[in-house]
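**Q** Structure incoming, see below.
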Amino acid sequence: PAPLTAAPIVVQVAAPSLPSVEHHFGPGTTFADRIVPGLIDAALNLIGLIPMIIGIIIMATSAGGGSYDSYGNYQYDGGSGAGMAVGLVLLFGSFAVFFGIWLWNRVFKLGRTGQSVGKKIAGQKLINTTSGQPIGAGQSFVREVIHGLANQVVYLSYLWMLWDSNRQTLGDMVAKSTVIKVPKA
């Protein structure tokens, strides 16, 4: 006769629920809890707009203008090419500053420590729902991309947590993360 073999047992593990996360790692945040840190992080990114505003002002004042001659023909005054160049450098440089601040705060800092500047001030931490550890820069980047894409539709990613039983945004679901409350620094 053939030897008896047991069928393999397959166990599916569901993503940890909010009660499990709160039991092991700390209280979860609500939608309202996440508003202030989000605004702080957004304000930090606005620092990148300062060179843009200065560049636009320089370009506007350097563009020159024109006037009408006695025959009604418009005569253009060439303006300052150097001023326009400085304005353009500031304009494009501001995009680099804006992106750099976002990358540092929302990808590297948040991914490595679990706390962006806003989350640190508000006493919150982004963690992996299974390990309780920060999710890393790669998963943080994925989370931010999902937020960026889904929020193009009525802030769908952020609003998702209003009806999700685990209070996760769409980005949190993809990155297997959640935000908990921690003591303020």
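The chains in the structure tokens are called A, B, ... from first to last as shown; in each chain the residues are counted from 1, and the ligands are counted from 1 in the order shown.
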Excluding Leu170 of chain A and any residue of its chain fewer than 2 positions from it, enumerate the residues within 8 Å of it, using only C-alpha atoms, and give them as a VMD selection string.

**A** chain A and resid 146 to 147 150 156 to 158 160 to 161 168 172 to 174

**Q** Write out, as an mmCIF file, in the first residue's frame, the residues just selected, with N, CA, C and O atoms.

**A**
```cif
data_model
loop_
_atom_site.group_PDB
_atom_site.id
_atom_site.type_symbol
_atom_site.label_atom_id
_atom_site.label_comp_id
_atom_site.auth_asym_id
_atom_site.auth_seq_id
_atom_site.Cartn_x
_atom_site.Cartn_y
_atom_site.Cartn_z
ATOM 1 N N ILE A 146 1.120 56.669 -3.636
ATOM 2 C CA ILE A 146 -0.295 56.276 -3.586
ATOM 3 C C ILE A 146 -1.142 57.447 -3.108
ATOM 4 O O ILE A 146 -2.192 57.748 -3.678
ATOM 5 N N HIS A 147 -0.682 58.134 -2.057
ATOM 6 C CA HIS A 147 -1.409 59.323 -1.590
ATOM 7 C C HIS A 147 -1.536 60.340 -2.716
ATOM 8 O O HIS A 147 -2.607 60.885 -2.949
ATOM 9 N N ALA A 150 -4.011 58.892 -5.522
ATOM 10 C CA ALA A 150 -5.404 58.749 -5.072
ATOM 11 C C ALA A 150 -6.000 60.083 -4.640
ATOM 12 O O ALA A 150 -7.210 60.290 -4.770
ATOM 13 N N LEU A 156 -9.137 61.235 -1.972
ATOM 14 C CA LEU A 156 -9.652 59.902 -1.674
ATOM 15 C C LEU A 156 -8.777 59.124 -0.692
ATOM 16 O O LEU A 156 -9.277 58.474 0.206
ATOM 17 N N SER A 157 -7.459 59.202 -0.831
ATOM 18 C CA SER A 157 -6.590 58.429 0.053
ATOM 19 C C SER A 157 -6.743 58.860 1.503
ATOM 20 O O SER A 157 -6.890 58.035 2.393
ATOM 21 N N TYR A 158 -6.711 60.161 1.749
ATOM 22 C CA TYR A 158 -6.832 60.644 3.123
ATOM 23 C C TYR A 158 -8.229 60.403 3.678
ATOM 24 O O TYR A 158 -8.385 60.009 4.827
ATOM 25 N N TRP A 160 -10.251 58.094 2.935
ATOM 26 C CA TRP A 160 -10.528 56.668 3.058
ATOM 27 C C TRP A 160 -10.554 56.223 4.521
ATOM 28 O O TRP A 160 -11.344 55.389 4.925
ATOM 29 N N MET A 161 -9.696 56.820 5.331
ATOM 30 C CA MET A 161 -9.610 56.393 6.730
ATOM 31 C C MET A 161 -10.876 56.725 7.523
ATOM 32 O O MET A 161 -11.087 56.183 8.597
ATOM 33 N N GLN A 168 -6.992 53.414 8.289
ATOM 34 C CA GLN A 168 -5.852 53.520 7.384
ATOM 35 C C GLN A 168 -6.258 54.272 6.124
ATOM 36 O O GLN A 168 -7.367 54.122 5.624
ATOM 37 N N ASP A 172 -1.591 53.893 3.440
ATOM 38 C CA ASP A 172 -1.263 53.031 4.576
ATOM 39 C C ASP A 172 -1.564 51.569 4.255
ATOM 40 O O ASP A 172 -0.804 50.676 4.636
ATOM 41 N N MET A 173 -2.677 51.330 3.580
ATOM 42 C CA MET A 173 -3.042 49.946 3.247
ATOM 43 C C MET A 173 -1.996 49.310 2.349
ATOM 44 O O MET A 173 -1.589 48.166 2.573
ATOM 45 N N VAL A 174 -1.549 50.045 1.337
ATOM 46 C CA VAL A 174 -0.556 49.514 0.403
ATOM 47 C C VAL A 174 0.786 49.298 1.105
ATOM 48 O O VAL A 174 1.446 48.286 0.902
#
```

**Q** Would you mind writing down, as an NGL selection string, each residue of chain A that DSSP on the backbone assigns to helix (DSSP H, G or I)?

**A** :A and (18-24 or 31-62 or 81-113 or 117-122 or 136-150 or 156-160 or 170-175)

**Q** Which residue, A:Ser94, A:Asn45, A:Thr129, A:Thr113, has the smallest gap to Arg167 of chain A when you use only C-alpha atoms?

**A**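 Nearest candidate to Arg167 of chain A out of A:Ser94, A:Asn45, A:Thr129, A:Thr113: A:Thr129.
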
**Q** Using only C-alpha atoms, can you tell me which of A:Ile56, A:Asp164, A:Ala137, A:Gly132 comes closest to Glu22 of chain A?

**A**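 The answer is A:Gly132, which sits nearest to Glu22 of chain A.
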
**Q** Name the residues in contact with Ile57 of chain A at a cut-off of 10 Å, using only C-alpha atoms, excluding same-chain residues fewer than 6 positions from it; report them as a ChimeraX atom specification.

**A** /A:51,63,83-84,87

**Q** Can those selected residues be exported to a file as a compact mmCIF listing (two decimals), in the first residue's frame so that it contains C-alpha atoms?

**A**
```txt
# COMPACT_ATOMS: atom_id res chain seq x y z
CA PRO A 51 12.72 81.28 -4.33
CA ALA A 63 10.87 91.70 -18.68
CA GLY A 83 17.45 89.48 -14.79
CA MET A 84 15.34 87.00 -16.74
CA GLY A 87 14.58 84.70 -12.35
```

**Q** So which residues touch Ile40 of chain A within 9 Å, counting only C-alpha atoms, skipping near sequence neighbours fewer than 2 positions away, as a PyMOL selection string?

**A** chain A and resi 35-38+42-45+117-119+121

**Q** With N, CA, C and O atoms kept, could you save the residues just selected as an mmCIF file, in the first residue's frame?

**A**
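The result, written out as again-v5.cif:
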```
data_model
loop_
_atom_site.group_PDB
_atom_site.id
_atom_site.type_symbol
_atom_site.label_atom_id
_atom_site.label_comp_id
_atom_site.auth_asym_id
_atom_site.auth_seq_id
_atom_site.Cartn_x
_atom_site.Cartn_y
_atom_site.Cartn_z
ATOM 1 N N ILE A 35 -4.657 65.922 10.947
ATOM 2 C CA ILE A 35 -4.779 67.186 10.213
ATOM 3 C C ILE A 35 -3.615 68.133 10.512
ATOM 4 O O ILE A 35 -2.965 68.638 9.600
ATOM 5 N N VAL A 36 -3.336 68.392 11.784
ATOM 6 C CA VAL A 36 -2.285 69.357 12.149
ATOM 7 C C VAL A 36 -0.911 68.919 11.639
ATOM 8 O O VAL A 36 -0.202 69.724 11.028
ATOM 9 N N PRO A 37 -0.500 67.649 11.840
ATOM 10 C CA PRO A 37 0.813 67.272 11.294
ATOM 11 C C PRO A 37 0.873 67.404 9.768
ATOM 12 O O PRO A 37 1.902 67.778 9.215
ATOM 13 N N GLY A 38 -0.242 67.114 9.107
ATOM 14 C CA GLY A 38 -0.281 67.272 7.653
ATOM 15 C C GLY A 38 -0.100 68.722 7.237
ATOM 16 O O GLY A 38 0.611 69.025 6.267
ATOM 17 N N ALA A 42 2.993 70.338 5.138
ATOM 18 C CA ALA A 42 2.698 71.123 3.925
ATOM 19 C C ALA A 42 3.333 72.509 4.017
ATOM 20 O O ALA A 42 3.905 73.000 3.037
ATOM 21 N N ALA A 43 3.256 73.133 5.201
ATOM 22 C CA ALA A 43 3.868 74.453 5.385
ATOM 23 C C ALA A 43 5.384 74.375 5.215
ATOM 24 O O ALA A 43 6.000 75.281 4.645
ATOM 25 N N LEU A 44 5.980 73.284 5.690
ATOM 26 C CA LEU A 44 7.426 73.102 5.528
ATOM 27 C C LEU A 44 7.793 73.048 4.045
ATOM 28 O O LEU A 44 8.785 73.642 3.618
ATOM 29 N N ASN A 45 6.979 72.367 3.269
ATOM 30 C CA ASN A 45 7.232 72.286 1.826
ATOM 31 C C ASN A 45 7.109 73.649 1.154
ATOM 32 O O ASN A 45 7.755 73.897 0.139
ATOM 33 N N VAL A 117 8.474 65.937 10.341
ATOM 34 C CA VAL A 117 8.522 67.084 11.253
ATOM 35 C C VAL A 117 7.149 67.283 11.905
ATOM 36 O O VAL A 117 7.043 67.445 13.120
ATOM 37 N N GLY A 118 6.085 67.238 11.109
ATOM 38 C CA GLY A 118 4.735 67.428 11.638
ATOM 39 C C GLY A 118 4.332 66.343 12.626
ATOM 40 O O GLY A 118 3.749 66.620 13.672
ATOM 41 N N LYS A 119 4.640 65.092 12.290
ATOM 42 C CA LYS A 119 4.283 63.983 13.186
ATOM 43 C C LYS A 119 5.063 64.065 14.505
ATOM 44 O O LYS A 119 4.537 63.752 15.564
ATOM 45 N N ILE A 121 6.152 66.813 16.010
ATOM 46 C CA ILE A 121 5.571 67.897 16.805
ATOM 47 C C ILE A 121 4.240 67.458 17.422
ATOM 48 O O ILE A 121 3.939 67.775 18.571
#
```

**Q** From the options A:Gly136, A:Ser62, A:Val182, A:Ile101, which residue's atoms come nearest to Asp77 of chain A, counting only C-alpha atoms?

**A**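 The shortest atom-to-atom distance to Asp77 of chain A comes from A:Ser62.
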
**Q** One number please: atom CA of Ile58 of chain A to atom CA of Phe99 of chain A, in Å, one decimal.

**A** 22.2 Å

**Q** With only C-alpha atoms as the counted atoms, please give the residues lying no more than 8 Å from Thr29 of chain A, apart from itself and same-chain residues fewer than 2 positions off, as a list of chain:residue names.

**A**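 The neighbour list is A:Pro27, A:Phe31, A:Ala32, A:Asp33, A:Arg34, A:Gln124, A:Arg167, A:Val179, A:Ile180, A:Lys181.
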
**Q** Please report the interatomic distance between atom CA of Lys109 of chain A and atom CA of Thr169 of chain A in Å with one decimal.

**A**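 It comes out at 19.4 Å.
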
**Q** Mind giving me the straight-line distance from atom CA of Trp102 of chain A to atom CA of Ser165 of chain A in Å, one decimal?

**A**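 Distance between the two atoms: 29.1 Å.
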
**Q** Please return, as a PyMOL selection string, all residues of segment 42-179 of chain A that DSSP assigns to strand (DSSP E or B) on the basis of the backbone.

**A** chain A and resi 66-68+74-76+124-128+177-179

**Q** Would you mind exporting the chosen residues as a compact mmCIF listing (two decimals), in the first residue's frame, restricted to N, CA and C atoms?

**A**
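Below is the file that was written, selection03.txt:
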```txt
# COMPACT_ATOMS: atom_id res chain seq x y z
N GLY A 66 7.02 98.30 -22.94
CA GLY A 66 6.96 98.97 -24.22
C GLY A 66 6.07 100.19 -24.14
N SER A 67 6.03 100.87 -25.25
CA SER A 67 5.18 102.05 -25.34
C SER A 67 4.77 102.23 -26.79
N TYR A 68 3.87 103.13 -27.00
CA TYR A 68 3.39 103.43 -28.36
C TYR A 68 4.10 104.68 -28.86
N TYR A 74 3.39 99.90 -31.46
CA TYR A 74 3.93 99.47 -30.19
C TYR A 74 5.42 99.21 -30.33
N GLN A 75 6.21 99.81 -29.46
CA GLN A 75 7.66 99.66 -29.47
C GLN A 75 8.06 98.89 -28.21
N TYR A 76 8.62 97.69 -28.38
CA TYR A 76 9.00 96.86 -27.24
C TYR A 76 10.39 97.21 -26.76
N GLN A 124 3.13 61.76 16.95
CA GLN A 124 2.62 60.64 16.16
C GLN A 124 3.78 59.91 15.50
N LYS A 125 3.52 58.64 15.17
CA LYS A 125 4.57 57.84 14.53
C LYS A 125 3.94 56.89 13.52
N LEU A 126 4.55 56.81 12.34
CA LEU A 126 4.13 55.89 11.29
C LEU A 126 4.88 54.58 11.51
N ILE A 127 4.13 53.48 11.63
CA ILE A 127 4.76 52.18 11.89
C ILE A 127 4.22 51.11 10.94
N ASN A 128 4.98 50.04 10.82
CA ASN A 128 4.53 48.85 10.13
C ASN A 128 3.51 48.17 11.03
N SER A 177 1.00 50.05 6.77
CA SER A 177 1.41 50.94 7.85
C SER A 177 0.19 51.55 8.52
N THR A 178 0.43 52.15 9.66
CA THR A 178 -0.60 52.90 10.36
C THR A 178 0.11 53.95 11.20
N VAL A 179 -0.66 54.92 11.69
CA VAL A 179 -0.08 55.99 12.50
C VAL A 179 -0.61 55.85 13.91
```

**Q** Of the candidates A:Val97, A:Val145, A:Gly111, A:Ser131, which shows the shortest atom-to-atom distance to Leu49 of chain A, using only C-alpha atoms?

**A**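 Ranking A:Val97, A:Val145, A:Gly111, A:Ser131 by distance to Leu49 of chain A, first place goes to A:Val97.
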
**Q** Skip Ala85 of chain A itself and residues of its chain fewer than 5 positions away, then list as a list in words all residues within 10 Å of it, counting only C-alpha atoms.

**A**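 Those residues are Gly55, Ile58, Met59, Ser62, Ser80, Leu90 and Leu91 of chain A.
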
**Q** Could you write those residues out with N, CA, C and O atoms, as a tab-separated table (two decimals), in the first residue's frame?

**A**
```tsv
chain	number	residue	atom	x	y	z
A	55	GLY	N	11.88	84.71	-7.82
A	55	GLY	CA	12.20	84.58	-9.25
A	55	GLY	C	11.14	85.20	-10.13
A	55	GLY	O	11.45	85.86	-11.14
A	58	ILE	N	11.55	89.00	-9.95
A	58	ILE	CA	12.72	89.43	-10.74
A	58	ILE	C	12.40	89.35	-12.23
A	58	ILE	O	12.72	90.27	-12.99
A	59	MET	N	11.75	88.27	-12.66
A	59	MET	CA	11.41	88.14	-14.08
A	59	MET	C	10.42	89.22	-14.51
A	59	MET	O	10.56	89.79	-15.60
A	62	SER	N	12.23	92.46	-14.82
A	62	SER	CA	13.27	92.43	-15.85
A	62	SER	C	12.72	92.28	-17.26
A	62	SER	O	13.46	92.40	-18.23
A	80	SER	N	15.85	93.15	-19.37
A	80	SER	CA	17.15	92.66	-18.93
A	80	SER	C	17.23	91.15	-19.09
A	80	SER	O	16.52	90.41	-18.40
A	90	LEU	N	16.06	80.87	-10.30
A	90	LEU	CA	15.33	80.82	-9.03
A	90	LEU	C	14.03	80.04	-9.18
A	90	LEU	O	13.65	79.26	-8.30
A	91	LEU	N	13.35	80.23	-10.30
A	91	LEU	CA	12.09	79.53	-10.54
A	91	LEU	C	12.29	78.02	-10.58
A	91	LEU	O	11.61	77.28	-9.87
```
